[in-house]
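Taking it in order: structure first as structure tokens, then the write-up.
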Amino acid sequence: MKKIISLAAAIIVLSSLLLSGCGCEQPLTLNVYNWGEYISDGSEGSFDTIREFENWYYKNYGRKLKVNYDTFASNEDMYNKLSSGAVSYDVIIPSDYMIERMRKEDMLLPLNYDNIPNYQNIHDSFRGLYYDPDDMYSIPYTYGVVGIIYDANRVDEADANGWDLMWNEKYKGNILQFNNPRDAFATAQYKLGLDVNDLDHTKWELALAEMKKQFPLVKSYVMDEVFNMMESGEAAVAPYYAGDYFVMAENQAPGIDLKFYYPERTNYFIDAMCIPSCCQNKELAEIFINYMLSPEAAIANAEYICYASPNAAVYDDPGYAEDMGEEAMEILYPDIADFNELYNTYSFRNMDEDALIYLVELWEQLKIS
């Protein structure tokens with residue numbers, strides 16, 4: 001038995017030497033989990049962020065790298081998948097309130113900023129926020145505001161005002177709504193002037209009553225499906241993120257005239273890059289995050305996904321501003337200096353377990369109404 005073990009060990013050592021000698025060393029693997037349609041992916045001649053990072057890593061570190069890139073449709077889907085323990089990712093890009101929850105549940109690893117020197121590009125307005133007050137676990141990737149997208153060829157201009165449009169019976173069967181409880185209920189809460197972070201059950205019941213009024217008017221509850229449905233004219237009204245409006249407007253079918261506006265009260269959010277506790281290669285994950293903050297990658301991603309960037313290398317770049325156009329810059333960057341105040345007023349906070357369970361119960365009640 002000892003001879004067999006020794007022989008096996010010798011074969012393993014010899015194989016390793018032969019592999020390294022012939023340049024056949026197994027590539028490193030990095031697993032990234034991000035929102036759908038949320039990175040420049042090389043389509044239509046765009047910058048292919050993942051492939052470019054793989055090439056950059058090989059050029060700078062002399063080792064092949066394979067990035068496995070998966071997408072999720074909601075923060076809750078991402079959280080459930082990670083908390084199940086069935087998967088392992090090295091970099092994730094959740095939203096602020098989910099980062100707060102994961103941080104408190106020890107699901108995130110602290111960052112080593114020695115590996116992320118490009119963090120210096122992040123504007124001061126996006127540092128020390130409630131979900132990560134010491135900036136230990138996250139670096140902002142994008143930020144934005146939820147607004148309403150509508151087809152001006154089917155929606156009267158006078159009706160395109162506030163959240164009331166989504167409850168307007170004139171557009172029954174042409175209205176889309178978020179397919180996750182936090183975002184969907186928030187539209188009713190903002191409409192009613194309620195605090196989206198108030199845990200008082202009676203206030204949530206007011207929002208449920210408002211959602212039940214809307215229910216018969218809604219064509220479908222959607223997430224990424226909103227792109228095709230609004231671009232094709234299958235629906236005429238939808239709440240969604242400002243950055244996605246530009247993608248839809250660019251791809252709209254003939255006869256569709258998509259427009260966008262912000263209601264007075266609405267959600268301000270940040271999506272940030274984090275390293276989950278299941279990470280298999282933390283230093284490599286930090287190198288990837290640093291690459292994402294580099295001017296080349298950050299500008300390419302911001303141009304492709306059309307979300308606002310907290311990265312000064314992006315919004316201070318004249319070429320980026322010219323490429324995006326005046327309308328986009330006005331919508332995406334109304335005033336970075338005021339972002340902190342608006343964000344603190346209207347952003348989602350993490351809800352405790354009892355509140356989350358109650359929200360799911362309300363969501364189920366809505367779906368069977």
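Labeling convention for the structure tokens: chains A, B, ... as they appear, residues from 1 per chain, ligands from 1 in order of appearance.
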
- [ ] Do a neighbour search on Ala186 in chain A at 10 Å with only C-alpha atoms, toss out local chain neighbours closer than 6 positions, and write the hits as a list in words.
- [x] Phe178, Leu192, Leu194, Asp195, Val196, Asn197, Trp204, Ala207, Met211, Arg265, Thr266, Asn267 and Phe348 of chain A

With 10 Å as the cut-off and only C-alpha atoms counted, what is the closest atom pair between each nearby residue of range 204-320 of chain A and range 326-341 of chain A? Distances in Å to one decimal, ordered by chain and number, as a tab-separated table.
residue	atom	partner	partner_atom	distance
A:Ala242	CA	A:Leu332	CA	7.1
A:Gly243	CA	A:Leu332	CA	7.2
A:Tyr245	CA	A:Ala328	CA	9.7
A:Phe246	CA	A:Ala328	CA	7.6
A:Phe260	CA	A:Ile331	CA	9.1
A:Tyr261	CA	A:Ile331	CA	8.7
A:Tyr262	CA	A:Ile331	CA	9.0
A:Tyr268	CA	A:Phe339	CA	8.5
A:Cys306	CA	A:Ala328	CA	8.2
A:Tyr307	CA	A:Leu332	CA	6.9
A:Ala308	CA	A:Leu332	CA	5.3
A:Ser309	CA	A:Leu332	CA	8.6
A:Pro310	CA	A:Ile336	CA	8.5
A:Tyr315	CA	A:Tyr333	CA	8.4
A:Tyr320	CA	A:Met329	CA	9.5

Based on the selection just made, write all heavy atoms of those residues as a tab-separated table (two decimals), in the first residue's frame.
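See part_33.tsv below for the written result:
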chain	number	residue	atom	x	y	z
A	242	ALA	N	-33.96	54.63	-13.65
A	242	ALA	CA	-33.71	55.66	-14.65
A	242	ALA	C	-32.76	55.18	-15.75
A	242	ALA	O	-32.99	55.43	-16.94
A	242	ALA	CB	-33.15	56.91	-13.98
A	243	GLY	N	-31.69	54.50	-15.36
A	243	GLY	CA	-30.71	54.06	-16.36
A	243	GLY	C	-31.31	53.16	-17.42
A	243	GLY	O	-30.93	53.24	-18.60
A	245	TYR	N	-34.26	53.25	-18.63
A	245	TYR	CA	-35.08	53.99	-19.58
A	245	TYR	C	-34.33	54.26	-20.87
A	245	TYR	O	-34.89	54.11	-21.97
A	245	TYR	CB	-35.55	55.31	-18.95
A	245	TYR	CG	-35.91	56.37	-19.97
A	245	TYR	CD1	-37.00	56.21	-20.82
A	245	TYR	CD2	-35.13	57.52	-20.11
A	245	TYR	CE1	-37.32	57.17	-21.77
A	245	TYR	CE2	-35.44	58.49	-21.05
A	245	TYR	CZ	-36.53	58.31	-21.88
A	245	TYR	OH	-36.84	59.26	-22.83
A	246	PHE	N	-33.07	54.64	-20.78
A	246	PHE	CA	-32.30	54.97	-21.98
A	246	PHE	C	-32.08	53.74	-22.86
A	246	PHE	O	-32.09	53.83	-24.09
A	246	PHE	CB	-30.97	55.60	-21.58
A	246	PHE	CG	-31.13	56.88	-20.81
A	246	PHE	CD1	-30.91	56.92	-19.45
A	246	PHE	CD2	-31.54	58.04	-21.45
A	246	PHE	CE1	-31.08	58.10	-18.74
A	246	PHE	CE2	-31.71	59.22	-20.75
A	246	PHE	CZ	-31.49	59.25	-19.39
A	260	PHE	N	-39.85	59.62	-19.83
A	260	PHE	CA	-39.50	59.29	-18.44
A	260	PHE	C	-39.67	60.51	-17.56
A	260	PHE	O	-39.41	61.64	-17.97
A	260	PHE	CB	-38.05	58.81	-18.39
A	260	PHE	CG	-37.54	58.48	-17.02
A	260	PHE	CD1	-37.65	57.20	-16.50
A	260	PHE	CD2	-36.94	59.46	-16.24
A	260	PHE	CE1	-37.18	56.89	-15.24
A	260	PHE	CE2	-36.46	59.16	-14.97
A	260	PHE	CZ	-36.58	57.88	-14.46
A	261	TYR	N	-40.11	60.27	-16.31
A	261	TYR	CA	-40.12	61.35	-15.32
A	261	TYR	C	-39.95	60.77	-13.92
A	261	TYR	O	-40.23	59.59	-13.67
A	261	TYR	CB	-41.40	62.19	-15.41
A	261	TYR	CG	-42.67	61.48	-14.99
A	261	TYR	CD1	-43.09	61.49	-13.66
A	261	TYR	CD2	-43.46	60.81	-15.93
A	261	TYR	CE1	-44.27	60.86	-13.27
A	261	TYR	CE2	-44.62	60.17	-15.55
A	261	TYR	CZ	-45.02	60.19	-14.23
A	261	TYR	OH	-46.18	59.55	-13.84
A	262	TYR	N	-39.51	61.64	-13.00
A	262	TYR	CA	-39.39	61.26	-11.59
A	262	TYR	C	-40.61	61.76	-10.83
A	262	TYR	O	-40.93	62.95	-10.88
A	262	TYR	CB	-38.16	61.92	-10.95
A	262	TYR	CG	-36.83	61.42	-11.42
A	262	TYR	CD1	-35.87	62.30	-11.92
A	262	TYR	CD2	-36.50	60.06	-11.35
A	262	TYR	CE1	-34.62	61.85	-12.33
A	262	TYR	CE2	-35.25	59.61	-11.76
A	262	TYR	CZ	-34.33	60.51	-12.26
A	262	TYR	OH	-33.10	60.05	-12.66
A	268	TYR	N	-34.26	56.29	-3.96
A	268	TYR	CA	-32.86	56.53	-4.33
A	268	TYR	C	-32.06	55.32	-3.86
A	268	TYR	O	-32.23	54.88	-2.72
A	268	TYR	CB	-32.34	57.80	-3.66
A	268	TYR	CG	-32.87	59.07	-4.26
A	268	TYR	CD1	-34.20	59.44	-4.07
A	268	TYR	CD2	-32.06	59.89	-5.04
A	268	TYR	CE1	-34.71	60.60	-4.63
A	268	TYR	CE2	-32.56	61.06	-5.59
A	268	TYR	CZ	-33.88	61.41	-5.39
A	268	TYR	OH	-34.37	62.57	-5.96
A	306	CYS	N	-26.12	52.58	-18.82
A	306	CYS	CA	-26.81	53.87	-18.72
A	306	CYS	C	-27.25	54.21	-17.30
A	306	CYS	O	-28.21	54.98	-17.12
A	306	CYS	CB	-28.01	53.92	-19.66
A	306	CYS	SG	-27.57	53.83	-21.41
A	307	TYR	N	-26.58	53.67	-16.31
A	307	TYR	CA	-26.84	54.07	-14.93
A	307	TYR	C	-25.83	55.14	-14.52
A	307	TYR	O	-24.73	55.21	-15.07
A	307	TYR	CB	-26.72	52.88	-13.98
A	307	TYR	CG	-28.00	52.09	-13.85
A	307	TYR	CD1	-28.54	51.39	-14.92
A	307	TYR	CD2	-28.67	52.04	-12.63
A	307	TYR	CE1	-29.70	50.66	-14.79
A	307	TYR	CE2	-29.85	51.32	-12.49
A	307	TYR	CZ	-30.36	50.63	-13.57
A	307	TYR	OH	-31.52	49.92	-13.44
A	308	ALA	N	-26.21	55.93	-13.52
A	308	ALA	CA	-25.29	56.95	-13.01
A	308	ALA	C	-24.14	56.27	-12.27
A	308	ALA	O	-24.32	55.24	-11.61
A	308	ALA	CB	-26.02	57.90	-12.08
A	309	SER	N	-22.97	56.86	-12.38
A	309	SER	CA	-21.79	56.30	-11.74
A	309	SER	C	-21.31	57.21	-10.61
A	309	SER	O	-21.26	58.42	-10.77
A	309	SER	CB	-20.66	56.12	-12.75
A	309	SER	OG	-19.47	55.69	-12.11
A	310	PRO	N	-20.92	56.62	-9.47
A	310	PRO	CA	-20.33	57.41	-8.38
A	310	PRO	C	-18.84	57.64	-8.58
A	310	PRO	O	-18.17	58.18	-7.71
A	310	PRO	CB	-20.59	56.53	-7.15
A	310	PRO	CG	-20.52	55.14	-7.69
A	310	PRO	CD	-21.10	55.21	-9.07
A	315	TYR	N	-18.01	60.46	-14.59
A	315	TYR	CA	-18.83	61.65	-14.85
A	315	TYR	C	-18.02	62.90	-15.14
A	315	TYR	O	-18.55	63.88	-15.66
A	315	TYR	CB	-19.84	61.90	-13.73
A	315	TYR	CG	-19.26	62.11	-12.36
A	315	TYR	CD1	-18.69	63.32	-12.00
A	315	TYR	CD2	-19.30	61.10	-11.41
A	315	TYR	CE1	-18.16	63.52	-10.74
A	315	TYR	CE2	-18.78	61.29	-10.14
A	315	TYR	CZ	-18.22	62.50	-9.81
A	315	TYR	OH	-17.70	62.70	-8.55
A	320	TYR	N	-17.36	60.85	-22.15
A	320	TYR	CA	-18.54	60.16	-21.61
A	320	TYR	C	-19.76	61.07	-21.69
A	320	TYR	O	-20.84	60.65	-22.15
A	320	TYR	CB	-18.27	59.74	-20.17
A	320	TYR	CG	-19.50	59.30	-19.41
A	320	TYR	CD1	-20.09	58.06	-19.64
A	320	TYR	CD2	-20.07	60.13	-18.44
A	320	TYR	CE1	-21.22	57.67	-18.93
A	320	TYR	CE2	-21.19	59.75	-17.74
A	320	TYR	CZ	-21.77	58.51	-17.98
A	320	TYR	OH	-22.89	58.13	-17.27

- [ ] Within range 187-256 of chain A, find each residue whose DSSP state, derived from the backbone, is strand (DSSP E), and express the selection as a list in words.
- [x]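 Here is the list: Val218, Lys219, Ser220, Tyr221, Val222, Val237, Ala238, Pro239, Tyr240 and Tyr241 of chain A.
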
Open item on the list: Would you pick out the contacts of Ala272 in chain A at 12 Å or less, using only C-alpha atoms, so that residues sharing its chain but fewer than 6 positions from it are not included, and give the list as number ranges by chain?
Closed with: A: 33-35, 38, 75, 91-100, 122, 126-127, 129, 131-132, 135-144, 289, 292-293, 309-311

TODO: Check the smallest atom-to-atom distance from each of A:Asp352, A:Ile357, A:Asn301, A:Ser369 to Gly42 in chain A using only C-alpha atoms, then report the winner.
DONE: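 With only C-alpha atoms as the atom set, the closest residue is A:Asn301.
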
TODO: Report as a PyMOL selection string: the residues of range 136-274 of chain A with a DSSP assignment of alpha helix (DSSP H), based on the backbone of this structure.
DONE: chain A and resi 181-192+201-214+226-232+242-251

Task: Nearest to Lys191 in chain A, chosen from A:Tyr58, A:Tyr113, A:Tyr171, A:Trp163, with only C-alpha atoms counted in the distances - done: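 Under the stated criterion, the closest residue is A:Trp163.
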
- [ ] Take CA of Pro216 in chain A and CA of Lys367 in chain A and report the distance between them in Å, one decimal.
- [x]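 CA of Lys367 in chain A lies at a distance of 10.6 Å from CA of Pro216 in chain A.
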
Task: Using only C-alpha atoms: which of A:Val67, A:Leu362, A:Val314, A:Cys278 has the shortest distance to Ala86 in chain A - done: A:Cys278

- [ ] Would you mind telling me which residue in A:Ile50, A:Ala184, A:Leu108, A:Ala300 lies nearest to Asp323 in chain A when using only C-alpha atoms?
- [x]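 Smallest separation from Asp323 in chain A among the options: A:Ala300.
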
- [ ] Find the residue from A:Ala313, A:Met248, A:Leu109, A:Ala73 that sits nearest to Asn281 in chain A; use only C-alpha atoms when measuring.
- [x] A:Leu109
